[in-house]
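*Asks:* Below are the structure tokens for one structure; questions will follow.
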Amino acid sequence: MSGSAKLDLRLSPETEARLQAAARETGRSIGEFVLESAVARADETLVGRTRFALDAQRWEAFLAALDAPPRDLPRLERLFREPSAFERHPRP
């Protein structure tokens, strides 16, 4: 797709005020803020819905990997056993 498209929105005064305030806080115009926010939300929505194709051999390997028991990861197990930095240094 080349060029650009225009998108018109009807906003309540409250919604417009919220968007203007948020845009101001980020140093953007309301249009920039809305576009950036909408694209980020679209990416979040679509991230897990990408299709991919595998030949029969790779499909079988993929299924085998999904069905395989989890590997032992000693460093990860140790990480979960140790107290976090927040637990080691409680706030007064």
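By convention here, the chains of the structure tokens are called A, B, ... in the order presented, each chain's residues are numbered starting at 1, and ligands are numbered starting at 1 in the order presented.
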From the DSSP assignment of the backbone, select every residue of chain A that is alpha helix (DSSP H), and format the answer as a ChimeraX atom specification.
*Replies:* /A:13-26,30-46,56-67,74-81,85-88
*Asks:* Fewer than 6 positions away in the same chain doesn't count, so skip those; otherwise give me all residues within 9 Å of stretch 32-38 of chain A, counting only C-alpha atoms, as an MDAnalysis selection string.
*Replies:* chainID A and resid 19:20 22:24 26
*Asks:* Write the residues of the preceding selection, restricted to all heavy atoms, as a compact mmCIF listing (two decimals), in the first residue's frame.
*Replies:*
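Just written: result_9.txt:
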# COMPACT_ATOMS: atom_id res chain seq x y z
N LEU A 19 -7.09 11.81 25.96
CA LEU A 19 -6.10 11.60 24.92
C LEU A 19 -5.18 12.82 24.80
O LEU A 19 -3.96 12.67 24.63
CB LEU A 19 -6.77 11.29 23.58
CG LEU A 19 -7.48 9.94 23.49
CD1 LEU A 19 -8.25 9.83 22.18
CD2 LEU A 19 -6.50 8.80 23.64
N GLN A 20 -5.74 14.01 24.88
CA GLN A 20 -4.91 15.21 24.82
C GLN A 20 -3.93 15.27 25.99
O GLN A 20 -2.76 15.60 25.81
CB GLN A 20 -5.79 16.46 24.81
CG GLN A 20 -6.47 16.69 23.49
CD GLN A 20 -7.42 17.88 23.53
OE1 GLN A 20 -7.87 18.29 24.59
NE2 GLN A 20 -7.73 18.41 22.35
N ALA A 22 -2.74 12.72 27.74
CA ALA A 22 -1.72 11.68 27.56
C ALA A 22 -0.72 12.08 26.47
O ALA A 22 0.49 11.88 26.63
CB ALA A 22 -2.38 10.35 27.22
N ALA A 23 -1.21 12.65 25.39
CA ALA A 23 -0.33 13.10 24.31
C ALA A 23 0.61 14.19 24.82
O ALA A 23 1.82 14.16 24.54
CB ALA A 23 -1.16 13.62 23.13
N ARG A 24 0.07 15.11 25.58
CA ARG A 24 0.90 16.19 26.14
C ARG A 24 2.00 15.62 27.04
O ARG A 24 3.14 16.06 26.99
CB ARG A 24 -0.02 17.13 26.94
CG ARG A 24 0.34 18.56 26.89
CD ARG A 24 -0.63 19.52 27.57
NE ARG A 24 -1.63 18.96 28.45
CZ ARG A 24 -2.93 18.83 28.14
NH1 ARG A 24 -3.38 19.19 26.94
NH2 ARG A 24 -3.78 18.34 29.01
N THR A 26 3.51 12.86 26.83
CA THR A 26 4.54 12.17 26.06
C THR A 26 5.21 13.08 25.03
O THR A 26 6.06 12.63 24.26
CB THR A 26 3.96 10.93 25.34
OG1 THR A 26 2.92 11.35 24.45
CG2 THR A 26 3.41 9.93 26.34
*Asks:* Please, what distance in Å, to one decimal, runs between atom CA of A:Arg41 and atom CA of A:Leu54?
*Replies:*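 Interatomic distance here is 28.5 Å.
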*Asks:* So how many Å separate atom CA of A:Arg49 and atom CA of A:Gly31, to one decimal?
*Replies:*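 Distance reported for this atom pair: 27.4 Å.
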*Asks:* Can you work out the spacing between atom CA of A:Ala5 and atom CA of A:Gly27 in Å, to one decimal?
*Replies:*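 Computing it gives 23.6 Å between the two atoms.
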